[in-house]
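*Asks:* Following this line is start39.txt, made up of compact mmCIF, C-alpha atoms and all ligand atoms:
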```txt
# COMPACT_ATOMS: atom_id res chain seq x y z
CA MET A 1 144.37 65.85 133.69
CA HIS A 2 140.63 65.37 133.82
CA MET A 3 137.97 66.76 131.54
CA THR A 4 134.25 66.60 132.14
CA PRO A 5 132.81 66.02 128.69
CA HIS A 6 129.35 66.98 127.68
CA LEU A 7 127.30 63.78 127.26
CA ARG A 8 124.22 63.39 125.13
CA GLU A 9 122.27 60.86 123.12
CA ALA A 10 123.36 61.00 119.49
CA ALA A 11 120.55 62.63 117.59
CA THR A 12 121.83 64.66 114.66
CA ASP A 13 123.32 63.36 111.40
CA ARG A 14 126.60 65.04 112.34
CA GLU A 15 126.80 63.31 115.71
CA TRP A 16 126.05 59.94 114.17
CA GLU A 17 128.60 60.44 111.39
CA GLN A 18 131.33 61.54 113.80
CA ALA A 19 130.55 58.81 116.32
CA THR A 20 130.47 55.91 113.85
CA ALA A 21 133.64 57.19 112.14
CA LEU A 22 135.33 57.44 115.55
CA LEU A 23 134.31 53.92 116.58
CA GLN A 24 135.49 52.44 113.29
CA ARG A 25 138.81 54.32 113.55
CA VAL A 26 139.42 53.31 117.19
CA TYR A 27 138.60 49.62 116.71
CA VAL A 28 140.50 49.24 113.44
CA ALA A 29 143.55 51.24 114.55
CA GLY A 30 143.65 49.29 117.81
CA GLY A 31 143.71 46.02 115.87
CA TYR A 32 140.45 44.89 117.52
CA THR A 33 138.24 44.70 114.43
CA ALA A 34 138.90 44.15 110.74
CA ALA A 35 138.09 47.22 108.67
CA ALA A 36 135.44 45.40 106.64
CA ASN A 37 133.62 44.24 109.79
CA ALA A 38 133.82 47.66 111.45
CA GLY A 39 132.43 49.24 108.28
CA GLN A 40 129.43 46.94 108.46
CA PHE A 41 128.79 46.83 112.19
CA MET A 42 129.53 50.37 113.36
CA THR A 43 126.96 52.09 111.21
CA ARG A 44 123.94 54.14 112.12
CA GLU A 45 121.66 51.64 110.35
CA ASN A 46 122.91 48.84 112.58
CA LEU A 47 123.34 50.65 115.89
CA GLU A 48 120.40 53.04 116.05
CA PRO A 49 117.62 50.42 116.34
CA ALA A 50 119.66 48.46 118.87
CA GLY A 51 120.17 50.98 121.65
CA VAL A 52 120.98 54.51 122.76
CA LEU A 53 124.28 55.85 121.47
CA LEU A 54 125.75 58.10 124.14
CA VAL A 55 128.30 60.54 122.76
CA ALA A 56 130.86 62.68 124.59
CA LEU A 57 131.42 66.12 123.07
CA ASP A 58 134.42 68.37 123.56
CA GLY A 59 134.33 72.17 123.91
CA GLU A 60 133.88 72.54 120.14
CA ASP A 61 131.02 70.03 120.06
CA ALA A 62 133.15 67.41 118.31
CA VAL A 63 132.45 63.79 119.26
CA VAL A 64 135.43 62.44 121.23
CA GLY A 65 133.88 59.26 122.60
CA ALA A 66 130.86 57.00 122.29
CA VAL A 67 129.18 53.91 123.71
CA LEU A 68 126.04 52.00 122.74
CA LEU A 69 123.75 51.09 125.65
CA LEU A 70 121.56 48.33 124.25
CA HIS A 71 117.81 48.36 124.68
CA PRO A 72 116.52 45.60 126.98
CA ALA A 73 115.44 43.31 124.13
CA SER A 74 118.04 44.48 121.61
CA ALA A 75 118.96 42.20 118.71
CA LEU A 76 122.62 43.05 119.37
CA ARG A 77 122.57 41.59 122.91
CA GLN A 78 125.07 38.81 123.41
CA LEU A 79 125.01 38.47 127.19
CA ALA A 80 122.25 40.34 128.95
CA THR A 81 119.28 38.47 130.40
CA MET A 82 115.93 40.22 130.71
CA TYR A 83 117.05 41.57 134.12
CA GLU A 84 120.32 43.02 132.84
CA ARG A 85 121.57 45.72 130.50
CA GLU A 86 124.52 45.38 128.15
CA PHE A 87 126.68 47.93 126.38
CA ARG A 88 128.83 47.55 123.29
CA VAL A 89 131.27 49.54 121.17
CA LEU A 90 132.88 51.81 123.75
CA GLY A 91 135.54 53.99 122.20
CA VAL A 92 137.40 57.23 122.95
CA ASP A 93 139.43 59.16 120.38
CA GLU A 94 143.16 58.46 120.74
CA ARG A 95 143.88 62.16 121.28
CA ALA A 96 141.35 62.41 124.10
CA ARG A 97 142.39 59.35 126.13
CA GLY A 98 143.30 59.50 129.79
CA LEU A 99 140.95 62.42 130.50
CA GLY A 100 138.23 60.37 132.15
CA ILE A 101 135.91 60.34 129.13
CA GLY A 102 135.66 56.54 129.04
CA GLU A 103 134.82 56.57 132.72
CA VAL A 104 132.01 59.09 132.24
CA LEU A 105 130.53 57.06 129.36
CA VAL A 106 130.56 53.79 131.31
CA GLN A 107 129.19 55.44 134.44
CA ALA A 108 126.35 56.90 132.37
CA CYS A 109 125.45 53.38 131.20
CA VAL A 110 125.48 52.16 134.81
CA ASP A 111 123.30 55.07 135.96
CA ARG A 112 120.76 54.52 133.19
CA ALA A 113 120.66 50.78 133.78
CA PHE A 114 120.05 51.38 137.49
CA ALA A 115 117.33 53.94 136.77
CA SER A 116 115.60 51.46 134.47
CA GLY A 117 115.46 48.88 137.25
CA ALA A 118 118.08 46.49 135.86
CA GLN A 119 119.89 44.18 138.26
CA ALA A 120 123.27 44.27 136.53
CA VAL A 121 125.30 45.71 133.66
CA VAL A 122 127.28 43.25 131.54
CA LEU A 123 129.78 43.48 128.71
CA TRP A 124 132.62 41.54 127.19
CA THR A 125 136.08 42.69 126.14
CA GLN A 126 138.90 41.29 124.09
CA PRO A 127 141.84 40.10 126.23
CA SER A 128 144.08 42.79 124.68
CA MET A 129 141.84 45.68 125.81
CA HIS A 130 143.84 46.40 128.94
CA SER A 131 142.83 50.04 129.47
CA ALA A 132 139.17 49.07 129.23
CA GLN A 133 139.58 46.24 131.74
CA ARG A 134 141.24 48.56 134.26
CA LEU A 135 138.46 51.06 133.73
CA TYR A 136 135.74 48.46 134.41
CA LYS A 137 137.44 47.26 137.60
CA ARG A 138 137.82 50.85 138.78
CA LEU A 139 134.07 51.36 138.27
CA GLY A 140 133.06 48.33 140.31
CA PHE A 141 132.74 45.66 137.62
CA ARG A 142 133.96 42.18 138.43
CA ARG A 143 135.11 39.45 136.13
CA ALA A 144 132.46 36.79 135.48
CA PRO A 145 134.59 34.00 133.96
CA GLU A 146 131.69 31.55 134.11
CA ARG A 147 130.07 33.65 131.38
CA ASP A 148 133.14 33.85 129.11
CA VAL A 149 132.73 32.48 125.59
CA LYS A 150 135.06 31.71 122.70
CA ASP A 151 135.12 34.29 119.94
CA PRO A 152 135.28 32.85 116.41
CA ARG A 153 138.47 34.88 115.90
CA GLY A 154 140.28 32.62 118.37
CA PHE A 155 140.36 34.60 121.63
CA THR A 156 138.17 34.33 124.73
CA ARG A 157 135.56 37.03 125.27
CA LEU A 158 136.16 38.22 128.83
CA VAL A 159 132.89 39.05 130.57
CA PHE A 160 132.61 41.83 133.16
CA GLN A 161 129.56 42.34 135.35
CA ARG A 162 128.50 45.12 137.67
CA ASP A 163 125.66 44.21 140.01
CA LEU A 164 123.33 47.12 140.77
C1 LIG A 201 139.03 51.95 127.02
C2 LIG A 201 138.89 53.41 126.60
C3 LIG A 201 137.48 53.67 126.15
C4 LIG A 201 139.21 54.28 127.83
O1 LIG A 201 138.96 55.63 127.50
P1 LIG A 201 139.62 56.86 128.33
O2 LIG A 201 138.75 58.03 128.13
O3 LIG A 201 141.05 56.99 128.00
O4 LIG A 201 139.44 56.34 129.81
P2 LIG A 201 139.95 56.98 131.14
O5 LIG A 201 140.53 58.33 130.89
O6 LIG A 201 138.82 56.91 132.10
O7 LIG A 201 141.11 55.96 131.64
C5 LIG A 201 142.03 55.39 130.75
C6 LIG A 201 143.32 54.85 131.37
O8 LIG A 201 144.38 55.21 130.45
C7 LIG A 201 145.35 56.05 131.11
N1 LIG A 201 145.89 57.05 130.18
C8 LIG A 201 146.38 58.25 130.49
N2 LIG A 201 146.77 58.89 129.40
C9 LIG A 201 146.54 58.08 128.37
C10 LIG A 201 146.74 58.21 126.98
N3 LIG A 201 147.28 59.32 126.44
N4 LIG A 201 146.38 57.19 126.17
C11 LIG A 201 145.84 56.09 126.70
N5 LIG A 201 145.62 55.92 128.03
C12 LIG A 201 145.97 56.91 128.86
C13 LIG A 201 144.56 56.62 132.22
O9 LIG A 201 145.41 57.07 133.26
C14 LIG A 201 143.74 55.42 132.67
O10 LIG A 201 144.62 54.46 133.26
P3 LIG A 201 144.23 53.56 134.50
O11 LIG A 201 142.98 52.80 134.12
O12 LIG A 201 145.38 52.66 134.72
O13 LIG A 201 143.96 54.50 135.64
C15 LIG A 201 139.88 53.78 125.47
O14 LIG A 201 141.17 53.42 125.87
C16 LIG A 201 139.55 53.11 124.14
O15 LIG A 201 138.80 53.65 123.33
N6 LIG A 201 140.16 51.94 123.87
C17 LIG A 201 139.98 51.18 122.62
C18 LIG A 201 138.63 50.53 122.52
C19 LIG A 201 138.30 49.61 123.68
O16 LIG A 201 139.14 48.92 124.21
N7 LIG A 201 137.02 49.60 124.05
C20 LIG A 201 136.50 48.75 125.09
C21 LIG A 201 135.51 47.81 124.49
S1 LIG A 201 134.94 46.58 125.64
```
If you took the structure in this file and wrote it as C-alpha cells, what would it be?
Ligand SMILES: CC(C)(COP(=O)(O)OP(=O)(O)OC[C@H]1O[C@@H](n2cnc3c(N)ncnc32)[C@H](O)[C@@H]1OP(=O)(O)O)[C@@H](O)C(=O)NCCC(=O)NCCS
*Replies:*
Amino acid sequence: MHMTPHLREAATDREWEQATALLQRVYVAGGYTAAANAGQFMTRENLEPAGVLLVALDGEDAVVGAVLLLHPASALRQLATMYEREFRVLGVDERARGLGIGEVLVQACVDRAFASGAQAVVLWTQPSMHSAQRLYKRLGFRRAPERDVKDPRGFTRLVFQRDL
C-alpha cells in the first residue's frame, strides 16, 4: 500500500508537539536513543533554530512522520560542508510504516537541497537502522565509508551521500 502524505513545514504548537513526541517515541522504542537524550535533543527549543522540520500529516492532520533538514550553517551539522546539506532525526510512526512516508520526507530534503544549490545531501545512520539504509539506497544515496566516524556509544556512524 502507498499513501501520499501531506507535507509541510512544522509551524503550529500542535505540529511541533506531535512531531517531537513522535521522534522521541520512535527513537526510544527502536532502541536508538536513550530516553533522557531524546528528551533533551528532540525538542522544539533545540531543533527549531537548527533547520526546517518537515512533517507528514495523515488525513486527520495528525503528524505521522518528520525530518529535520538542517540550515546550511546549522549548529547541529555533523557532516555537511558549506556545499552540502544534511538532515537529521528522520522518523515515521510505527503504525504508518511501509506506506512510503519516509521516502516522501527524504525526497523532499533532496529536492530542497537541490533547489538551494547544494552539491550533495549527507546523513549518518546507526548500523541497526536497516529500513532507513534500504530507503537511502533506493533514493540514490551511496555509502561514503571514508566519512564514517565512531559514535561515543560504541558503534560506527554510517555515512550516506547523495550527489546532486
Ligand atoms: C526509516 C523509516 C523512516 C522509514 O519510514 P517508512 O515510511 O516506513 O518508509 P517507506 O515506507 O518508504 O519504506 C520502508 C520499508 O519498510 C517496509 N515495510 C512495509 N511495511 C512495514 C511495516 N509495517 N513496518 C516497517 N516496515 C515496513 C517497506 O516495504 C520498505 O521496505 P524496503 O525498503 O525493503 O522496500 C522508519 O522505518 C523509521 O522511522 N525508522 C526508525 C528511525 C530511523 O531509523 N530513522 C533513520 C535515521 S538515519
*Asks:* What is the atom C1 of ligand LIG 201 (chain A)-CA of Ser74 (chain A) distance in Å, reported with one decimal?
*Replies:* 22.9 Å
*Asks:* Taking into account all atoms listed in the file, which residue in the set A:Val149, A:Leu68, A:Leu99, A:Ala75 is nearest to ligand LIG 201 (chain A)?
*Replies:*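 So, comparing all the options, the nearest one is A:Leu99.
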*Asks:* Restrict the calculation to all atoms listed in the file, then for each residue of chain A with any atom at most 7 Å from an atom of ligand LIG 201 (chain A) give the closest atom pair and their distance in Å to one decimal, rows by chain and rising residue number, as JSON lines.
*Replies:*
```
{"residue": "A:Val26", "atom": "CA", "partner": "A:LIG201", "partner_atom": "C17", "distance": 5.9}
{"residue": "A:Tyr27", "atom": "CA", "partner": "A:LIG201", "partner_atom": "C18", "distance": 5.9}
{"residue": "A:Gly30", "atom": "CA", "partner": "A:LIG201", "partner_atom": "C17", "distance": 6.3}
{"residue": "A:Arg88", "atom": "CA", "partner": "A:LIG201", "partner_atom": "S1", "distance": 6.6}
{"residue": "A:Val89", "atom": "CA", "partner": "A:LIG201", "partner_atom": "C21", "distance": 5.7}
{"residue": "A:Leu90", "atom": "CA", "partner": "A:LIG201", "partner_atom": "N7", "distance": 4.7}
{"residue": "A:Gly91", "atom": "CA", "partner": "A:LIG201", "partner_atom": "O15", "distance": 3.5}
{"residue": "A:Val92", "atom": "CA", "partner": "A:LIG201", "partner_atom": "O15", "distance": 3.9}
{"residue": "A:Asp93", "atom": "CA", "partner": "A:LIG201", "partner_atom": "O15", "distance": 6.3}
{"residue": "A:Glu94", "atom": "CA", "partner": "A:LIG201", "partner_atom": "N4", "distance": 6.4}
{"residue": "A:Arg95", "atom": "CA", "partner": "A:LIG201", "partner_atom": "N3", "distance": 6.8}
{"residue": "A:Ala96", "atom": "CA", "partner": "A:LIG201", "partner_atom": "O2", "distance": 6.5}
{"residue": "A:Arg97", "atom": "CA", "partner": "A:LIG201", "partner_atom": "O3", "distance": 3.3}
{"residue": "A:Gly98", "atom": "CA", "partner": "A:LIG201", "partner_atom": "O5", "distance": 3.2}
{"residue": "A:Leu99", "atom": "CA", "partner": "A:LIG201", "partner_atom": "O5", "distance": 4.1}
{"residue": "A:Gly100", "atom": "CA", "partner": "A:LIG201", "partner_atom": "O5", "distance": 3.3}
{"residue": "A:Ile101", "atom": "CA", "partner": "A:LIG201", "partner_atom": "O2", "distance": 3.8}
{"residue": "A:Gly102", "atom": "CA", "partner": "A:LIG201", "partner_atom": "O2", "distance": 3.5}
{"residue": "A:Glu103", "atom": "CA", "partner": "A:LIG201", "partner_atom": "O6", "distance": 4.1}
{"residue": "A:Leu123", "atom": "CA", "partner": "A:LIG201", "partner_atom": "S1", "distance": 6.8}
{"residue": "A:Trp124", "atom": "CA", "partner": "A:LIG201", "partner_atom": "S1", "distance": 5.8}
{"residue": "A:Thr125", "atom": "CA", "partner": "A:LIG201", "partner_atom": "S1", "distance": 4.1}
{"residue": "A:Gln126", "atom": "CA", "partner": "A:LIG201", "partner_atom": "S1", "distance": 6.8}
{"residue": "A:Met129", "atom": "CA", "partner": "A:LIG201", "partner_atom": "O16", "distance": 4.5}
{"residue": "A:Ser131", "atom": "CA", "partner": "A:LIG201", "partner_atom": "C1", "distance": 4.9}
{"residue": "A:Ala132", "atom": "CA", "partner": "A:LIG201", "partner_atom": "C1", "distance": 3.6}
{"residue": "A:Arg134", "atom": "CA", "partner": "A:LIG201", "partner_atom": "O11", "distance": 4.6}
{"residue": "A:Leu135", "atom": "CA", "partner": "A:LIG201", "partner_atom": "O11", "distance": 4.9}
```
*Asks:* Counting all atoms listed in the file, what is within 7 Å of region 4-11 of chain A, bar same-chain residues fewer than 5 positions away, as a PyMOL selection string?
*Replies:* chain A and resi 16+52-58+101
*Asks:* I need the residues from that last selection saved to file as a PDB file, in the frame of the given file (with C-alpha atoms), if you can.
*Replies:*
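Listing of part.pdb after writing:
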```pdb
ATOM      1  CA  TRP A  16     126.050  59.940 114.170  1.00  0.00           C
ATOM      2  CA  VAL A  52     120.980  54.510 122.760  1.00  0.00           C
ATOM      3  CA  LEU A  53     124.280  55.850 121.470  1.00  0.00           C
ATOM      4  CA  LEU A  54     125.750  58.100 124.140  1.00  0.00           C
ATOM      5  CA  VAL A  55     128.300  60.540 122.760  1.00  0.00           C
ATOM      6  CA  ALA A  56     130.860  62.680 124.590  1.00  0.00           C
ATOM      7  CA  LEU A  57     131.420  66.120 123.070  1.00  0.00           C
ATOM      8  CA  ASP A  58     134.420  68.370 123.560  1.00  0.00           C
ATOM      9  CA  ILE A 101     135.910  60.340 129.130  1.00  0.00           C
TER      10      ILE A 101
END
```
*Asks:* Could you pull the residues within 8 Å of Tyr136 (chain A), counting all atoms listed in the file, minus those fewer than 5 positions along the same chain, as a list in words?
*Replies:*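 Final neighbour list, sorted by chain and number: Phe141, Arg142 and Phe160 of chain A.
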*Asks:* Write the residues of the preceding selection, restricted to C-alpha atoms, as a JSON list (two decimals), in the coordinates of the input.
*Replies:*
```
[["chain", "number", "residue", "atom", "x", "y", "z"],
["A", 141, "PHE", "CA", 132.74, 45.66, 137.62],
["A", 142, "ARG", "CA", 133.96, 42.18, 138.43],
["A", 160, "PHE", "CA", 132.61, 41.83, 133.16]]
```
